[in-house]
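A.B. asks: I'm passing along run.pdb; it holds PDB, C-alpha atoms.
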```pdb
MODEL        1
ATOM      1  CA  MET A   1      -9.598  54.012  14.490
ATOM      2  CA  PHE A   2      -8.332  51.062  12.479
ATOM      3  CA  PHE A   3     -10.729  48.556  14.030
ATOM      4  CA  PHE A   4     -13.702  50.838  13.503
ATOM      5  CA  LYS A   5     -12.798  51.006   9.831
ATOM      6  CA  LEU A   6     -12.674  47.210   9.668
ATOM      7  CA  GLY A   7     -16.221  47.030  10.973
ATOM      8  CA  ARG A   8     -17.608  49.126   8.128
ATOM      9  CA  THR A   9     -19.037  47.206   5.225
ATOM     10  CA  ASN A  10     -18.509  49.976   2.657
ATOM     11  CA  ILE A  11     -14.852  50.567   3.419
ATOM     12  CA  ASP A  12     -12.744  52.352   0.815
ATOM     13  CA  TYR A  13      -9.354  50.683   1.024
ATOM     14  CA  ALA A  14      -7.713  53.517  -0.861
ATOM     15  CA  ASP A  15      -8.392  55.728   2.194
ATOM     16  CA  LEU A  16      -6.566  53.465   4.654
ATOM     17  CA  LYS A  17      -3.366  54.859   6.123
ATOM     18  CA  THR A  18      -0.119  52.922   5.802
ATOM     19  CA  ARG A  19      -0.244  52.070   9.512
ATOM     20  CA  ASP A  20      -3.720  50.567   9.074
ATOM     21  CA  ARG A  21      -2.621  48.538   6.056
ATOM     22  CA  ILE A  22       0.335  47.170   8.010
ATOM     23  CA  MET A  23      -1.932  46.279  10.937
ATOM     24  CA  MET A  24      -4.403  44.542   8.641
ATOM     25  CA  SER A  25      -1.583  42.636   6.922
ATOM     26  CA  PHE A  26      -0.229  41.582  10.316
ATOM     27  CA  LEU A  27      -3.661  40.307  11.366
ATOM     28  CA  ILE A  28      -4.031  38.348   8.128
ATOM     29  CA  VAL A  29      -0.648  36.660   8.619
ATOM     30  CA  LEU A  30      -1.419  36.040  12.309
ATOM     31  CA  ASN A  31      -4.751  34.369  11.502
ATOM     32  CA  VAL A  32      -3.182  32.087   8.916
ATOM     33  CA  SER A  33      -0.406  31.218  11.372
ATOM     34  CA  VAL A  34      -2.903  30.321  14.105
ATOM     35  CA  MET A  35      -4.759  28.043  11.707
ATOM     36  CA  LEU A  36      -1.548  26.259  10.701
ATOM     37  CA  PHE A  37      -0.376  26.107  14.316
ATOM     38  CA  ALA A  38      -3.634  24.366  15.232
ATOM     39  CA  THR A  39      -2.989  21.788  12.544
ATOM     40  CA  ASP A  40       0.369  20.579  13.857
ATOM     41  CA  ALA A  41       0.892  21.677  17.465
ATOM     42  CA  TYR A  42      -0.636  18.602  19.043
ATOM     43  CA  ALA A  43       1.419  16.108  16.979
ATOM     44  CA  PRO A  44       3.871  15.329  19.831
ATOM     45  CA  SER A  45       0.873  14.617  22.075
ATOM     46  CA  MET A  46      -0.666  11.956  19.852
ATOM     47  CA  PRO A  47       0.708   8.946  21.807
ATOM     48  CA  ALA A  48      -0.512  10.417  25.106
ATOM     49  CA  MET A  49      -3.888  11.207  23.562
ATOM     50  CA  ALA A  50      -4.233   7.619  22.308
ATOM     51  CA  LYS A  51      -3.367   6.271  25.745
ATOM     52  CA  PHE A  52      -5.761   8.681  27.491
ATOM     53  CA  LEU A  53      -8.666   7.864  25.154
ATOM     54  CA  ASN A  54      -7.748   4.163  25.155
ATOM     55  CA  VAL A  55      -7.582   3.970  21.358
ATOM     56  CA  ASP A  56      -5.000   3.009  18.786
ATOM     57  CA  GLU A  57      -2.537   5.732  17.702
ATOM     58  CA  ASP A  58      -3.889   5.377  14.162
ATOM     59  CA  ALA A  59      -7.246   6.649  15.407
ATOM     60  CA  ILE A  60      -5.560   9.772  16.775
ATOM     61  CA  GLN A  61      -3.490  10.271  13.625
ATOM     62  CA  LEU A  62      -6.754  10.308  11.679
ATOM     63  CA  THR A  63      -7.585  13.604  13.400
ATOM     64  CA  LEU A  64      -4.927  15.283  11.274
ATOM     65  CA  THR A  65      -6.500  13.969   8.065
ATOM     66  CA  ILE A  66      -9.955  15.050   9.236
ATOM     67  CA  ASN A  67      -8.643  18.537  10.000
ATOM     68  CA  LEU A  68      -7.042  18.834   6.562
ATOM     69  CA  PHE A  69     -10.248  17.589   4.933
ATOM     70  CA  GLY A  70     -12.216  20.412   6.571
ATOM     71  CA  MET A  71      -9.509  22.855   5.534
ATOM     72  CA  ALA A  72      -9.651  21.613   1.929
ATOM     73  CA  LEU A  73     -13.444  21.466   1.634
ATOM     74  CA  PHE A  74     -14.461  24.827   3.049
ATOM     75  CA  PRO A  75     -12.553  27.323   0.874
ATOM     76  CA  PHE A  76     -15.160  26.750  -1.823
ATOM     77  CA  ILE A  77     -17.914  27.598   0.626
ATOM     78  CA  TYR A  78     -16.049  30.642   1.936
ATOM     79  CA  GLY A  79     -15.406  31.920  -1.577
ATOM     80  CA  PHE A  80     -19.145  31.906  -2.153
ATOM     81  CA  MET A  81     -19.783  33.523   1.243
ATOM     82  CA  VAL A  82     -17.278  36.335   0.640
ATOM     83  CA  ASP A  83     -19.105  37.210  -2.570
ATOM     84  CA  ARG A  84     -22.529  37.088  -0.907
ATOM     85  CA  ILE A  85     -22.083  38.407   2.632
ATOM     86  CA  GLY A  86     -18.601  39.968   2.643
ATOM     87  CA  ARG A  87     -15.262  39.249   4.265
ATOM     88  CA  ARG A  88     -16.077  40.389   7.763
ATOM     89  CA  LYS A  89     -19.088  38.102   8.232
ATOM     90  CA  THR A  90     -17.213  35.244   6.576
ATOM     91  CA  VAL A  91     -14.337  35.600   9.046
ATOM     92  CA  ILE A  92     -16.813  35.724  11.930
ATOM     93  CA  VAL A  93     -18.418  32.469  10.748
ATOM     94  CA  GLY A  94     -15.009  30.852  10.277
ATOM     95  CA  THR A  95     -13.748  32.022  13.659
ATOM     96  CA  GLY A  96     -16.921  30.704  15.264
ATOM     97  CA  LEU A  97     -16.394  27.285  13.681
ATOM     98  CA  PHE A  98     -12.744  27.286  14.754
ATOM     99  CA  PHE A  99     -13.735  28.229  18.321
ATOM    100  CA  ILE A 100     -16.475  25.572  18.537
ATOM    101  CA  GLY A 101     -14.125  22.962  17.074
ATOM    102  CA  SER A 102     -11.422  23.849  19.578
ATOM    103  CA  LEU A 103     -13.928  23.667  22.413
ATOM    104  CA  LEU A 104     -15.056  20.209  21.280
ATOM    105  CA  CYS A 105     -11.433  19.052  21.226
ATOM    106  CA  THR A 106     -11.091  19.973  24.898
ATOM    107  CA  GLN A 107     -13.952  17.590  25.746
ATOM    108  CA  ASN A 108     -11.445  14.794  25.928
ATOM    109  CA  SER A 109     -13.669  11.884  26.831
ATOM    110  CA  ASN A 110     -14.846  10.945  23.356
ATOM    111  CA  LEU A 111     -12.952  10.233  20.136
ATOM    112  CA  ASP A 112     -15.952  11.212  17.992
ATOM    113  CA  LEU A 113     -16.030  14.682  19.571
ATOM    114  CA  LEU A 114     -12.329  14.987  18.852
ATOM    115  CA  TYR A 115     -12.956  14.081  15.204
ATOM    116  CA  LEU A 116     -15.788  16.590  14.904
ATOM    117  CA  GLY A 117     -13.745  19.254  16.673
ATOM    118  CA  ARG A 118     -10.745  18.767  14.386
ATOM    119  CA  PHE A 119     -12.982  18.955  11.304
ATOM    120  CA  LEU A 120     -14.527  22.211  12.528
ATOM    121  CA  GLN A 121     -11.100  23.643  13.352
ATOM    122  CA  GLY A 122      -9.945  22.985   9.791
ATOM    123  CA  ALA A 123     -13.195  24.245   8.311
ATOM    124  CA  GLY A 124     -13.114  27.423  10.389
ATOM    125  CA  GLY A 125      -9.438  28.096   9.836
ATOM    126  CA  ALA A 126      -9.864  27.917   6.078
ATOM    127  CA  SER A 127     -11.814  31.174   6.240
ATOM    128  CA  TYR A 128      -8.590  33.002   7.112
ATOM    129  CA  LEU A 129      -6.926  31.866   3.921
ATOM    130  CA  ILE A 130      -9.743  32.975   1.635
ATOM    131  CA  THR A 131     -10.599  36.265   3.304
ATOM    132  CA  GLY A 132      -6.913  37.071   3.712
ATOM    133  CA  LEU A 133      -6.232  36.686   0.005
ATOM    134  CA  VAL A 134      -9.252  38.799  -0.909
ATOM    135  CA  ALA A 135      -8.272  41.502   1.603
ATOM    136  CA  ILE A 136      -4.691  41.646   0.301
ATOM    137  CA  LYS A 137      -5.997  42.072  -3.226
ATOM    138  CA  SER A 138      -8.236  44.926  -2.039
ATOM    139  CA  LEU A 139      -5.599  46.616   0.102
ATOM    140  CA  TYR A 140      -2.592  46.633  -2.192
ATOM    141  CA  ASP A 141      -1.546  47.030  -5.765
ATOM    142  CA  LYS A 142       0.118  44.058  -7.462
ATOM    143  CA  GLN A 143       3.670  44.815  -6.314
ATOM    144  CA  GLN A 144       2.846  45.574  -2.665
ATOM    145  CA  GLY A 145       0.423  42.646  -2.533
ATOM    146  CA  ALA A 146       3.212  40.325  -3.641
ATOM    147  CA  LYS A 147       5.322  41.507  -0.687
ATOM    148  CA  VAL A 148       2.529  40.780   1.774
ATOM    149  CA  LEU A 149       1.950  37.376   0.199
ATOM    150  CA  ALA A 150       5.679  36.677   0.535
ATOM    151  CA  LEU A 151       5.434  37.491   4.255
ATOM    152  CA  GLN A 152       2.446  35.193   4.506
ATOM    153  CA  GLY A 153       4.517  32.531   2.715
ATOM    154  CA  VAL A 154       7.177  32.802   5.416
ATOM    155  CA  ALA A 155       4.505  32.259   8.072
ATOM    156  CA  ILE A 156       3.081  29.331   6.110
ATOM    157  CA  SER A 157       6.564  27.803   5.896
ATOM    158  CA  ALA A 158       7.699  28.456   9.460
ATOM    159  CA  THR A 159       4.548  27.686  11.427
ATOM    160  CA  PRO A 160       4.317  23.937  10.658
ATOM    161  CA  ALA A 161       7.972  23.591  11.651
ATOM    162  CA  LEU A 162       7.602  25.511  14.918
ATOM    163  CA  ALA A 163       4.160  24.251  15.942
ATOM    164  CA  PRO A 164       5.202  20.735  17.056
ATOM    165  CA  VAL A 165       8.110  22.167  19.051
ATOM    166  CA  ILE A 166       5.824  24.597  20.874
ATOM    167  CA  GLY A 167       3.087  21.968  21.160
ATOM    168  CA  GLY A 168       5.572  19.504  22.650
ATOM    169  CA  TYR A 169       6.634  22.086  25.209
ATOM    170  CA  ILE A 170       2.991  22.716  26.100
ATOM    171  CA  HIS A 171       2.383  18.963  26.363
ATOM    172  CA  VAL A 172       5.340  18.389  28.700
ATOM    173  CA  HIS A 173       4.598  21.321  30.997
ATOM    174  CA  LEU A 174       0.791  21.563  30.928
ATOM    175  CA  GLY A 175      -0.570  18.360  29.384
ATOM    176  CA  TRP A 176      -1.830  17.555  25.904
ATOM    177  CA  GLN A 177      -5.269  19.074  26.546
ATOM    178  CA  TRP A 178      -3.703  22.524  26.827
ATOM    179  CA  ASN A 179      -2.834  22.518  23.136
ATOM    180  CA  PHE A 180      -6.576  22.649  22.505
ATOM    181  CA  TYR A 181      -7.334  25.076  25.347
ATOM    182  CA  ILE A 182      -4.902  27.500  23.742
ATOM    183  CA  PHE A 183      -6.811  27.184  20.449
ATOM    184  CA  VAL A 184     -10.022  28.048  22.313
ATOM    185  CA  ILE A 185      -8.322  31.187  23.611
ATOM    186  CA  LEU A 186      -6.929  32.079  20.184
ATOM    187  CA  GLY A 187     -10.256  31.339  18.489
TER     188      GLY A 187
ENDMDL
END
```
Can I see the file as structure tokens?
C.D. replies:
Amino acid sequence: MFFFKLGRTNIDYADLKTRDRIMMSFLIVLNVSVMLFATDAYAPSMPAMAKFLNVDEDAIQLTLTINLFGMALFPFIYGFMVDRIGRRKTVIVGTGLFFIGSLLCTQNSNLDLLYLGRFLQGAGGASYLITGLVAIKSLYDKQQGAKVLALQGVAISATPALAPVIGGYIHVHLGWQWNFYIFVILG
């Protein structure tokens, strides 16, 4: 029933059961974690990526900056979109951008596609931050909302520390491209 309620555009958050609020909070934290994981998981693979694409490591390191630029630029756009078309459609647009960006990153023959893919990943992932904050404000009163934001803060703190470890494991056992294939699956 929870997911059917999420699909409604005129949802009354006061009517949501505690179980549904917990599920929605979990999904918000999960989405933010995936976005942050995508930012840092491929860091151990950068030397192998540079060698594979026959470019300088600095060119690969620029992909991180490009990703963060997309992540920094798009919250303004998503804030406007949430007001105009709602959270659900905004998340769908953001998830679509994240998915397309991840797919472009798997096309590992061209540095420009990697740059574009990383920008779109950051731009798409930023939708989770904005819509998550708006949803928490709608779902909870001030005190309960602070608890959910604290949980999100733990995810924001832990994910960048864990992502390179997991990404390095993926790189060693499956190859650097699999970091991006996993983002396609998660997108």
A.B. asks: For A:Tyr169, work out the shell of residues within 10 Å, counting all atoms listed in the file and skipping chain neighbours fewer than 4 positions away, then give it as a PyMOL selection string.
C.D. replies: chain A and resi 41+44-45+163-165+173-176+179
A.B. asks: Calculated over only C-alpha atoms, which of the candidates A:Ala155, A:Leu97, A:Leu111, A:Lys142 has the smallest distance to A:Asp58?
C.D. replies: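 Looking only at the distances to A:Asp58, the closest residue turns out to be A:Leu111.
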A.B. asks: I'd like the contact shell of stretch 64-81 of chain A - 8 Å cut-off, only C-alpha atoms, skipping same-chain residues fewer than 4 positions apart - returned as a list in words.
C.D. replies: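 Result of the neighbour search: Thr39, Asp40, Ile60, Ile85, Gly86, Arg87, Thr90, Tyr115, Arg118, Phe119, Leu120, Gln121, Gly122, Ala123, Gly124, Gly125, Ala126, Ser127, Leu129, Ile130 and Thr131 of chain A.
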A.B. asks: Could you please determine the separation between atom CA of A:Thr63 and atom CA of A:Met35 in Å, to one decimal place?
C.D. replies: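 Computed distance, atom CA of A:Thr63 to atom CA of A:Met35, equals 14.8 Å.
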A.B. asks: Name all residues at most 10 Å from A:Ser157 (count only C-alpha atoms; drop same-chain ones fewer than 5 positions away) and give them as JSON, numbers by chain.
C.D. replies: {"A": [33, 36, 151, 152, 162]}
A.B. asks: I need the residue set behind the PyMOL selection byres ((chain A and resi 22) around 12) for this file; please write it as number ranges by chain.
C.D. replies: A: 2, 16-21, 23-29, 136, 139-140, 144-145, 147-148, 151
A.B. asks: Export C-alpha atoms of the chosen residues as a compact mmCIF listing (two decimals), keeping the file's coordinate frame?
C.D. replies:
```
# COMPACT_ATOMS: atom_id res chain seq x y z
CA PHE A 2 -8.33 51.06 12.48
CA LEU A 16 -6.57 53.46 4.65
CA LYS A 17 -3.37 54.86 6.12
CA THR A 18 -0.12 52.92 5.80
CA ARG A 19 -0.24 52.07 9.51
CA ASP A 20 -3.72 50.57 9.07
CA ARG A 21 -2.62 48.54 6.06
CA MET A 23 -1.93 46.28 10.94
CA MET A 24 -4.40 44.54 8.64
CA SER A 25 -1.58 42.64 6.92
CA PHE A 26 -0.23 41.58 10.32
CA LEU A 27 -3.66 40.31 11.37
CA ILE A 28 -4.03 38.35 8.13
CA VAL A 29 -0.65 36.66 8.62
CA ILE A 136 -4.69 41.65 0.30
CA LEU A 139 -5.60 46.62 0.10
CA TYR A 140 -2.59 46.63 -2.19
CA GLN A 144 2.85 45.57 -2.66
CA GLY A 145 0.42 42.65 -2.53
CA LYS A 147 5.32 41.51 -0.69
CA VAL A 148 2.53 40.78 1.77
CA LEU A 151 5.43 37.49 4.26
```
A.B. asks: In Å, with one decimal, what is the gap from atom CA of A:Val34 to atom CA of A:Val184?
C.D. replies: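 Rounded to one decimal, the two atoms are 11.1 Å apart.
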A.B. asks: Using Å and a single decimal, report how far atom CA of A:Phe98 sits from atom CA of A:Pro47.
C.D. replies: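 Here the two named atoms are 23.8 Å from each other.
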A.B. asks: With distances taken over all atoms listed in the file, which residue among A:Ala50, A:Ala146, A:Thr95, A:Gly187 lies nearest A:Asn110?
C.D. replies: A:Ala50
